[in-house]
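Structure file upload05.csv (CSV, C-alpha atoms) follows.
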```csv
chain,number,residue,atom,x,y,z
A,1071,MET,CA,-92.2,-174.4,-273.1
A,1072,PRO,CA,-88.6,-173.9,-274.2
A,1073,PHE,CA,-85.9,-173.4,-271.6
A,1074,ALA,CA,-83.0,-171.0,-271.8
A,1075,PRO,CA,-79.6,-172.5,-272.5
A,1076,PRO,CA,-77.2,-172.7,-269.5
A,1077,PRO,CA,-75.1,-169.6,-269.2
A,1078,GLN,CA,-71.7,-169.6,-270.8
A,1079,ILE,CA,-68.8,-168.8,-268.5
A,1080,PRO,CA,-66.1,-167.2,-270.6
A,1081,PRO,CA,-62.4,-167.9,-269.8
A,1082,GLY,CA,-61.3,-165.7,-266.9
A,1083,ALA,CA,-64.9,-165.0,-265.8
A,1084,GLU,CA,-66.5,-166.1,-262.5
A,1085,TYR,CA,-70.0,-166.7,-261.5
A,1086,ILE,CA,-72.2,-166.9,-258.4
A,1087,THR,CA,-75.8,-168.0,-258.0
A,1088,LEU,CA,-78.0,-165.9,-255.8
A,1089,GLY,CA,-81.6,-166.2,-254.6
A,1090,ALA,CA,-83.1,-162.9,-253.6
A,1091,GLY,CA,-86.8,-163.2,-254.2
A,1092,CYS,CA,-88.4,-163.0,-257.6
A,1093,PHE,CA,-85.7,-163.5,-260.3
A,1094,TRP,CA,-87.4,-160.9,-262.5
A,1095,CYS,CA,-86.4,-158.3,-259.9
A,1096,THR,CA,-82.9,-159.4,-259.2
A,1097,ASP,CA,-82.0,-159.9,-262.8
A,1098,ALA,CA,-83.0,-156.3,-263.5
A,1099,VAL,CA,-80.6,-155.1,-260.8
A,1100,PHE,CA,-77.6,-157.3,-261.6
A,1101,GLN,CA,-77.8,-156.6,-265.4
A,1102,GLN,CA,-77.0,-153.0,-264.7
A,1103,LEU,CA,-73.9,-153.4,-262.6
A,1104,PRO,CA,-70.4,-152.8,-264.1
A,1105,GLY,CA,-68.5,-156.0,-265.0
A,1106,ILE,CA,-71.6,-158.2,-265.2
A,1107,LEU,CA,-71.3,-160.3,-268.4
A,1108,SER,CA,-74.7,-162.1,-268.1
A,1109,VAL,CA,-77.5,-162.9,-265.8
A,1110,THR,CA,-79.6,-166.0,-266.2
A,1111,SER,CA,-82.8,-166.7,-264.4
A,1112,GLY,CA,-83.2,-170.2,-263.1
A,1113,TYR,CA,-83.9,-172.7,-260.3
A,1114,MET,CA,-81.6,-174.2,-257.7
A,1115,GLY,CA,-81.7,-176.0,-254.4
A,1116,GLY,CA,-84.5,-178.4,-254.8
A,1117,GLN,CA,-85.1,-182.1,-255.4
A,1118,ARG,CA,-86.9,-182.3,-258.7
A,1119,PRO,CA,-84.7,-182.4,-261.9
A,1120,ASN,CA,-85.6,-180.0,-264.7
A,1121,PRO,CA,-88.4,-178.2,-262.8
A,1122,THR,CA,-90.9,-175.9,-264.5
A,1123,TYR,CA,-91.9,-172.5,-263.2
A,1124,GLU,CA,-95.3,-173.8,-262.3
A,1125,GLN,CA,-93.7,-176.7,-260.3
A,1126,VAL,CA,-91.4,-174.3,-258.5
A,1127,CYS,CA,-94.2,-171.9,-257.7
A,1128,SER,CA,-96.2,-174.7,-256.1
A,1129,GLY,CA,-93.5,-175.0,-253.5
A,1130,ALA,CA,-93.3,-178.7,-253.9
A,1131,THR,CA,-89.9,-178.9,-255.6
A,1132,GLY,CA,-87.8,-177.1,-252.9
A,1133,HIS,CA,-86.1,-174.9,-255.5
A,1134,ALA,CA,-85.4,-171.2,-255.2
A,1135,GLU,CA,-85.8,-168.7,-258.0
A,1136,VAL,CA,-82.2,-167.7,-258.6
A,1137,SER,CA,-80.0,-165.6,-260.8
A,1138,ARG,CA,-76.8,-167.0,-262.1
A,1139,VAL,CA,-74.5,-163.9,-262.3
A,1140,VAL,CA,-71.5,-164.2,-264.5
A,1141,PHE,CA,-68.9,-161.4,-264.0
A,1142,ASP,CA,-65.5,-160.2,-265.1
A,1143,PRO,CA,-63.3,-160.2,-261.9
A,1144,ALA,CA,-61.0,-157.6,-263.6
A,1145,ILE,CA,-63.9,-155.1,-263.5
A,1146,THR,CA,-65.9,-156.1,-260.4
A,1147,SER,CA,-65.3,-158.4,-257.5
A,1148,LEU,CA,-67.4,-161.0,-255.9
A,1149,GLU,CA,-67.5,-158.7,-252.8
A,1150,GLU,CA,-69.1,-156.0,-255.0
A,1151,VAL,CA,-71.6,-158.4,-256.5
A,1152,LEU,CA,-72.6,-159.5,-252.9
A,1153,GLN,CA,-72.9,-155.8,-251.8
A,1154,ALA,CA,-75.5,-155.4,-254.6
A,1155,PHE,CA,-77.2,-158.6,-253.5
A,1156,TRP,CA,-77.7,-157.3,-249.9
A,1157,ARG,CA,-79.1,-154.0,-251.3
A,1158,ALA,CA,-81.4,-155.7,-253.8
A,1159,HIS,CA,-83.6,-157.5,-251.3
A,1160,ASP,CA,-84.6,-157.9,-247.7
A,1161,PRO,CA,-82.5,-160.8,-246.3
A,1162,THR,CA,-84.4,-160.7,-243.0
A,1163,THR,CA,-87.7,-162.0,-244.3
A,1164,LEU,CA,-88.0,-165.8,-244.4
A,1165,ASN,CA,-89.3,-167.1,-247.7
A,1166,ARG,CA,-90.7,-163.8,-248.7
A,1167,GLN,CA,-89.9,-160.6,-250.6
A,1168,GLY,CA,-92.6,-158.0,-250.6
A,1169,GLY,CA,-95.8,-159.7,-251.8
A,1170,ASP,CA,-94.0,-162.7,-253.1
A,1171,GLU,CA,-94.3,-165.6,-250.6
A,1172,GLY,CA,-93.0,-169.1,-250.6
A,1173,THR,CA,-89.8,-171.1,-250.2
A,1174,GLN,CA,-89.0,-170.3,-253.9
A,1175,TYR,CA,-88.4,-166.7,-252.8
A,1176,ARG,CA,-85.9,-167.4,-250.1
A,1177,SER,CA,-82.6,-165.5,-249.7
A,1178,ALA,CA,-79.7,-167.7,-250.6
A,1179,ILE,CA,-76.0,-167.6,-251.8
A,1180,PHE,CA,-75.0,-170.7,-253.6
A,1181,TYR,CA,-71.2,-170.7,-253.5
A,1182,ASN,CA,-68.9,-172.6,-255.9
A,1183,ASP,CA,-65.9,-173.3,-253.7
A,1184,GLN,CA,-64.4,-172.7,-250.4
A,1185,ALA,CA,-62.9,-169.3,-251.5
A,1186,GLN,CA,-66.4,-168.1,-252.5
A,1187,ARG,CA,-67.8,-169.5,-249.3
A,1188,ALA,CA,-65.2,-167.4,-247.3
A,1189,ILE,CA,-66.1,-164.3,-249.2
A,1190,ALA,CA,-69.8,-164.9,-248.7
A,1191,GLU,CA,-69.3,-165.5,-245.0
A,1192,LYS,CA,-67.4,-162.3,-244.6
A,1193,SER,CA,-70.1,-160.4,-246.6
A,1194,LEU,CA,-72.8,-161.9,-244.4
A,1195,ALA,CA,-71.0,-160.8,-241.3
A,1196,GLU,CA,-70.7,-157.3,-242.7
A,1197,ALA,CA,-74.4,-157.3,-243.6
A,1198,ARG,CA,-75.4,-158.4,-240.1
A,1199,ARG,CA,-74.0,-155.1,-238.8
A,1200,ARG,CA,-76.3,-153.2,-241.2
A,1201,PHE,CA,-79.6,-154.9,-240.5
A,1202,VAL,CA,-81.6,-154.7,-237.3
A,1203,ASP,CA,-83.5,-158.0,-237.7
A,1204,PRO,CA,-81.7,-161.3,-238.0
A,1205,ILE,CA,-80.6,-162.3,-241.5
A,1206,VAL,CA,-82.1,-165.6,-242.8
A,1207,THR,CA,-80.0,-165.9,-245.9
A,1208,GLU,CA,-78.8,-169.5,-246.6
A,1209,LEU,CA,-75.1,-170.1,-247.5
A,1210,THR,CA,-75.2,-173.3,-249.5
A,1211,PRO,CA,-72.8,-175.1,-251.8
A,1212,VAL,CA,-73.8,-174.7,-255.5
A,1213,ALA,CA,-76.3,-177.4,-256.7
A,1214,GLU,CA,-77.6,-178.3,-260.2
A,1215,PHE,CA,-78.7,-175.1,-262.0
A,1216,TYR,CA,-81.8,-175.3,-264.1
A,1217,PRO,CA,-82.2,-172.3,-266.4
A,1218,ALA,CA,-85.8,-171.0,-266.3
A,1219,GLU,CA,-88.0,-170.9,-269.4
A,1220,ASP,CA,-87.1,-168.5,-272.1
A,1221,TYR,CA,-89.9,-166.0,-271.3
A,1222,HIS,CA,-88.3,-165.4,-267.8
A,1223,GLN,CA,-85.0,-164.3,-269.3
A,1224,ASP,CA,-84.4,-160.5,-269.4
A,1225,TYR,CA,-88.0,-160.2,-268.2
A,1226,TYR,CA,-88.0,-156.7,-267.0
A,1227,ARG,CA,-86.5,-155.1,-270.1
A,1228,LEU,CA,-88.8,-157.0,-272.3
A,1229,ASN,CA,-92.0,-156.5,-270.3
A,1230,LYS,CA,-91.7,-153.3,-268.2
A,1231,LEU,CA,-94.2,-151.4,-270.2
A,1232,ARG,CA,-96.9,-154.0,-270.3
A,1233,ASN,CA,-96.7,-155.9,-267.0
A,1234,PRO,CA,-98.1,-154.2,-263.9
A,1235,TYR,CA,-95.7,-156.1,-261.6
A,1236,CYS,CA,-92.8,-154.6,-263.4
A,1237,ARG,CA,-94.1,-151.1,-263.0
A,1238,ALA,CA,-95.3,-151.5,-259.4
A,1239,VAL,CA,-92.4,-153.6,-258.0
A,1240,ILE,CA,-89.3,-153.7,-260.1
A,1241,GLY,CA,-89.3,-150.1,-261.4
A,1242,PRO,CA,-89.4,-148.6,-257.9
A,1243,LYS,CA,-86.7,-151.0,-256.7
A,1244,LEU,CA,-84.4,-149.9,-259.5
A,1245,LYS,CA,-85.0,-146.2,-258.7
A,1246,LYS,CA,-84.4,-146.8,-255.0
A,1247,LEU,CA,-81.0,-148.4,-255.9
A,1248,GLY,CA,-80.1,-145.5,-258.2
A,1249,LEU,CA,-80.3,-147.7,-261.3
A,1250,GLU,CA,-81.9,-147.1,-264.7
A,1251,ASP,CA,-85.7,-147.9,-264.9
```

Take the structure I supplied and represent it as structure tokens, if you would.
Amino acid sequence: MPFAPPPQIPPGAEYITLGAGCFWCTDAVFQQLPGILSVTSGYMGGQRPNPTYEQVCSGATGHAEVSRVVFDPAITSLEEVLQAFWRAHDPTTLNRQGGDEGTQYRSAIFYNDQAQRAIAEKSLAEARRRFVDPIVTELTPVAEFYPAEDYHQDYYRLNKLRNPYCRAVIGPKLKKLGLED
């Protein structure tokens, strides 16, 4: 199965890699935010090089499903991207989002440098004040990013009318967040 090319990071742009459950769901959210230049589904945080979706879903690779979010800092800040991250999933459930269960669905922020780490730590501290249950989100240095197979890219937009998961899970999430379905 062909894999997507790595995301291009234009000059002046920044990126962050986020795990927030199924990447089909998070991609559909991040693609609609102002200042987002691209969102690429992929895998990060595991031991196996070049994992496939089937391998990641087995739980044996240690990878999380992630979204590499490239943004224009002149339009949106990392703080704003992270605010959307906290709203887009439940960071208090360990290795689970809704009906999706396994370590590949863990909540994680993969930061690129100490400046991003500081922003992520501040964002996490602010999020802890909003959630009753303890937050289980990992703050981890960025690791090798493996773009997911082509059919996972822009999944919701391309499949929302024919995939029941899109209609039952992603559509309601977008509506709850006030985004376009």

Measure the distance from CA of Gln1186 (chain A) to CA of Val1206 (chain A) in Å and round it to one decimal.
-> 18.6 Å

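Nearest to Asp1142 (chain A) of all the residues A:Leu1194, A:Ala1238, A:Ile1106, A:Ile1205 is A:Ile1106, based on only C-alpha atoms.
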
For Lys1230 (chain A), which residue out of A:Asp1251, A:Thr1210, A:Ala1178, A:Ala1144 is the nearest one, using all atoms listed in the file?
->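 Counting all atoms listed in the file, the residue closest to Lys1230 (chain A) is A:Asp1251.
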
Go through region 1158-1187 of chain A residue by residue and, counting only C-alpha atoms, keep those with an atom at most 9 Å from region 1092-1097 of chain A; for each kept residue give the shortest atom pair and its distance in Å to one decimal, ordered by chain and increasing number, as a tab-separated table.
```
residue	atom	partner	partner_atom	distance
A:Ala1158	CA	A:Thr1096	CA	6.7
A:His1159	CA	A:Thr1096	CA	8.2
A:Gln1167	CA	A:Cys1092	CA	7.6
A:Asp1170	CA	A:Cys1092	CA	7.2
A:Gln1174	CA	A:Cys1092	CA	8.2
A:Tyr1175	CA	A:Cys1092	CA	6.1
```

For Phe1100 (chain A), please output as a ChimeraX atom specification all residues within 10 Å (counting all atoms listed in the file; exclusion window: fewer than 4 positions along the same chain).
-> /A:1095-1096,1104-1109,1137-1141,1151,1154-1155,1158,1249

Write out as a list in words each polymer residue whose atoms come within 10 Å of Val1239 (chain A), counting all atoms listed in the file; drop sequence neighbours fewer than 3 positions from it.
->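 The residues that qualify are Trp1094, Cys1095, Gly1168, Gly1169, Pro1234, Tyr1235, Cys1236, Pro1242, Lys1243 and Leu1244 of chain A.
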
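The space between CA of Pro1204 (chain A) and CA of Thr1162 (chain A) spans 5.7 Å.
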
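Distances to Arg1199 (chain A) were evaluated for A:Pro1121, A:Val1099, A:Trp1156, A:Pro1211 using all atoms listed in the file, and the minimum falls at A:Trp1156.
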
For the point (-79.5, -176.5, -255.3) in file coordinates, what residues are within 9 Å, counting only C-alpha atoms? Give the answer as number ranges by chain?
-> A: 1113-1117, 1132-1134, 1180, 1210-1215

Choose the residue, out of A:Val1202, A:Leu1228, A:Val1126, A:Leu1088, that has the smallest atom-to-atom separation from Ala1190 (chain A); count all atoms listed in the file.
->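 Among the listed residues, A:Leu1088 lies closest to Ala1190 (chain A).
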
Distance criterion (all atoms listed in the file): nearest to Tyr1085 (chain A) out of A:Leu1231, A:Val1136, A:Leu1103, A:Leu1148 |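 That would be A:Leu1148, the residue with the smallest distance to Tyr1085 (chain A).
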
Glu1191 (chain A) environment, 10 Å, only C-alpha atoms, sequence neighbours closer than 5 positions dropped, as JSON, numbers by chain = {"A": [1179, 1185, 1186, 1196, 1197, 1209]}

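Of the residues under consideration (A:Asn1120, A:Gln1078, A:Thr1087, A:Thr1110), A:Thr1110 shows the shortest atom-to-atom contact distance to Asp1224 (chain A) when counting only C-alpha atoms.
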
Could you check how far CA of Tyr1181 (chain A) sits from CA of Gly1129 (chain A), in Å to one decimal?
->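 Interatomic distance, CA of Tyr1181 (chain A) to CA of Gly1129 (chain A): 22.7 Å.
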
Mind dumping region 1177-1217 of chain A from that block, keeping N, CA and C atoms, as a short mmCIF file (atom, residue, chain, number, x, y, z; two decimals), in the first residue's frame?
```cif
data_model
loop_
_atom_site.label_atom_id
_atom_site.label_comp_id
_atom_site.auth_asym_id
_atom_site.auth_seq_id
_atom_site.Cartn_x
_atom_site.Cartn_y
_atom_site.Cartn_z
N SER A 1177 -3.17 9.74 24.22
CA SER A 1177 -3.07 11.19 24.11
C SER A 1177 -1.60 11.58 24.28
N ALA A 1178 -1.06 12.31 23.31
CA ALA A 1178 0.37 12.65 23.35
C ALA A 1178 0.65 13.95 22.60
N ILE A 1179 1.57 14.71 23.15
CA ILE A 1179 2.13 15.89 22.47
C ILE A 1179 3.60 15.60 22.25
N PHE A 1180 4.00 15.53 20.99
CA PHE A 1180 5.40 15.30 20.62
C PHE A 1180 6.00 16.66 20.26
N TYR A 1181 6.76 17.24 21.19
CA TYR A 1181 7.31 18.57 20.98
C TYR A 1181 8.65 18.50 20.26
N ASN A 1182 8.98 19.58 19.52
CA ASN A 1182 10.18 19.63 18.68
C ASN A 1182 11.41 20.20 19.38
N ASP A 1183 11.20 21.05 20.37
CA ASP A 1183 12.33 21.71 21.04
C ASP A 1183 11.87 22.17 22.43
N GLN A 1184 12.80 22.76 23.17
CA GLN A 1184 12.48 23.17 24.54
C GLN A 1184 11.43 24.29 24.58
N ALA A 1185 11.42 25.14 23.56
CA ALA A 1185 10.40 26.21 23.51
C ALA A 1185 9.01 25.59 23.38
N GLN A 1186 8.86 24.61 22.48
CA GLN A 1186 7.56 23.94 22.34
C GLN A 1186 7.21 23.18 23.62
N ARG A 1187 8.22 22.56 24.23
CA ARG A 1187 7.96 21.83 25.48
C ARG A 1187 7.40 22.78 26.53
N ALA A 1188 7.99 23.96 26.68
CA ALA A 1188 7.51 24.92 27.67
C ALA A 1188 6.07 25.34 27.39
N ILE A 1189 5.75 25.57 26.13
CA ILE A 1189 4.38 25.95 25.75
C ILE A 1189 3.43 24.79 26.04
N ALA A 1190 3.85 23.57 25.72
CA ALA A 1190 3.02 22.39 25.97
C ALA A 1190 2.80 22.18 27.47
N GLU A 1191 3.84 22.38 28.28
CA GLU A 1191 3.70 22.23 29.72
C GLU A 1191 2.73 23.27 30.30
N LYS A 1192 2.82 24.50 29.81
CA LYS A 1192 1.90 25.55 30.26
C LYS A 1192 0.47 25.21 29.84
N SER A 1193 0.31 24.73 28.62
CA SER A 1193 -1.01 24.35 28.12
C SER A 1193 -1.58 23.19 28.94
N LEU A 1194 -0.74 22.23 29.27
CA LEU A 1194 -1.16 21.10 30.10
C LEU A 1194 -1.60 21.59 31.48
N ALA A 1195 -0.86 22.49 32.07
CA ALA A 1195 -1.23 23.03 33.39
C ALA A 1195 -2.59 23.73 33.33
N GLU A 1196 -2.83 24.48 32.25
CA GLU A 1196 -4.13 25.15 32.08
C GLU A 1196 -5.24 24.12 31.89
N ALA A 1197 -4.97 23.07 31.11
CA ALA A 1197 -5.97 22.03 30.87
C ALA A 1197 -6.33 21.30 32.15
N ARG A 1198 -5.36 21.09 33.01
CA ARG A 1198 -5.62 20.38 34.29
C ARG A 1198 -6.65 21.11 35.13
N ARG A 1199 -6.75 22.42 34.98
CA ARG A 1199 -7.74 23.20 35.73
C ARG A 1199 -9.15 23.01 35.17
N ARG A 1200 -9.24 22.57 33.92
CA ARG A 1200 -10.56 22.42 33.28
C ARG A 1200 -11.14 21.00 33.38
N PHE A 1201 -10.29 20.01 33.62
CA PHE A 1201 -10.76 18.62 33.67
C PHE A 1201 -10.81 18.15 35.12
N VAL A 1202 -11.85 17.41 35.45
CA VAL A 1202 -12.01 16.88 36.80
C VAL A 1202 -11.07 15.69 37.00
N ASP A 1203 -11.05 14.77 36.04
CA ASP A 1203 -10.21 13.58 36.15
C ASP A 1203 -8.76 13.92 35.76
N PRO A 1204 -7.80 13.15 36.25
CA PRO A 1204 -6.40 13.41 35.90
C PRO A 1204 -6.14 13.26 34.41
N ILE A 1205 -5.31 14.12 33.87
CA ILE A 1205 -4.93 14.07 32.47
C ILE A 1205 -3.78 13.07 32.31
N VAL A 1206 -3.88 12.22 31.28
CA VAL A 1206 -2.88 11.18 31.05
C VAL A 1206 -2.04 11.46 29.80
N THR A 1207 -2.14 12.64 29.27
CA THR A 1207 -1.42 13.02 28.05
C THR A 1207 0.09 12.96 28.27
N GLU A 1208 0.78 12.31 27.34
CA GLU A 1208 2.24 12.24 27.37
C GLU A 1208 2.82 13.51 26.74
N LEU A 1209 3.84 14.07 27.36
CA LEU A 1209 4.65 15.12 26.74
C LEU A 1209 5.98 14.46 26.42
N THR A 1210 6.29 14.34 25.12
CA THR A 1210 7.42 13.53 24.68
C THR A 1210 8.18 14.26 23.58
N PRO A 1211 9.51 14.15 23.59
CA PRO A 1211 10.26 14.73 22.46
C PRO A 1211 9.84 14.06 21.16
N VAL A 1212 9.84 14.83 20.09
CA VAL A 1212 9.47 14.31 18.78
C VAL A 1212 10.37 13.12 18.42
N ALA A 1213 9.78 12.15 17.78
CA ALA A 1213 10.49 10.96 17.33
C ALA A 1213 10.32 10.88 15.81
N GLU A 1214 10.77 9.79 15.24
CA GLU A 1214 10.62 9.59 13.79
C GLU A 1214 9.13 9.58 13.45
N PHE A 1215 8.76 10.39 12.45
CA PHE A 1215 7.38 10.46 11.98
C PHE A 1215 7.25 9.59 10.73
N TYR A 1216 6.29 8.68 10.76
CA TYR A 1216 6.02 7.82 9.62
C TYR A 1216 4.64 8.17 9.07
N PRO A 1217 4.57 8.82 7.91
CA PRO A 1217 3.25 9.12 7.34
C PRO A 1217 2.46 7.83 7.14
#
```
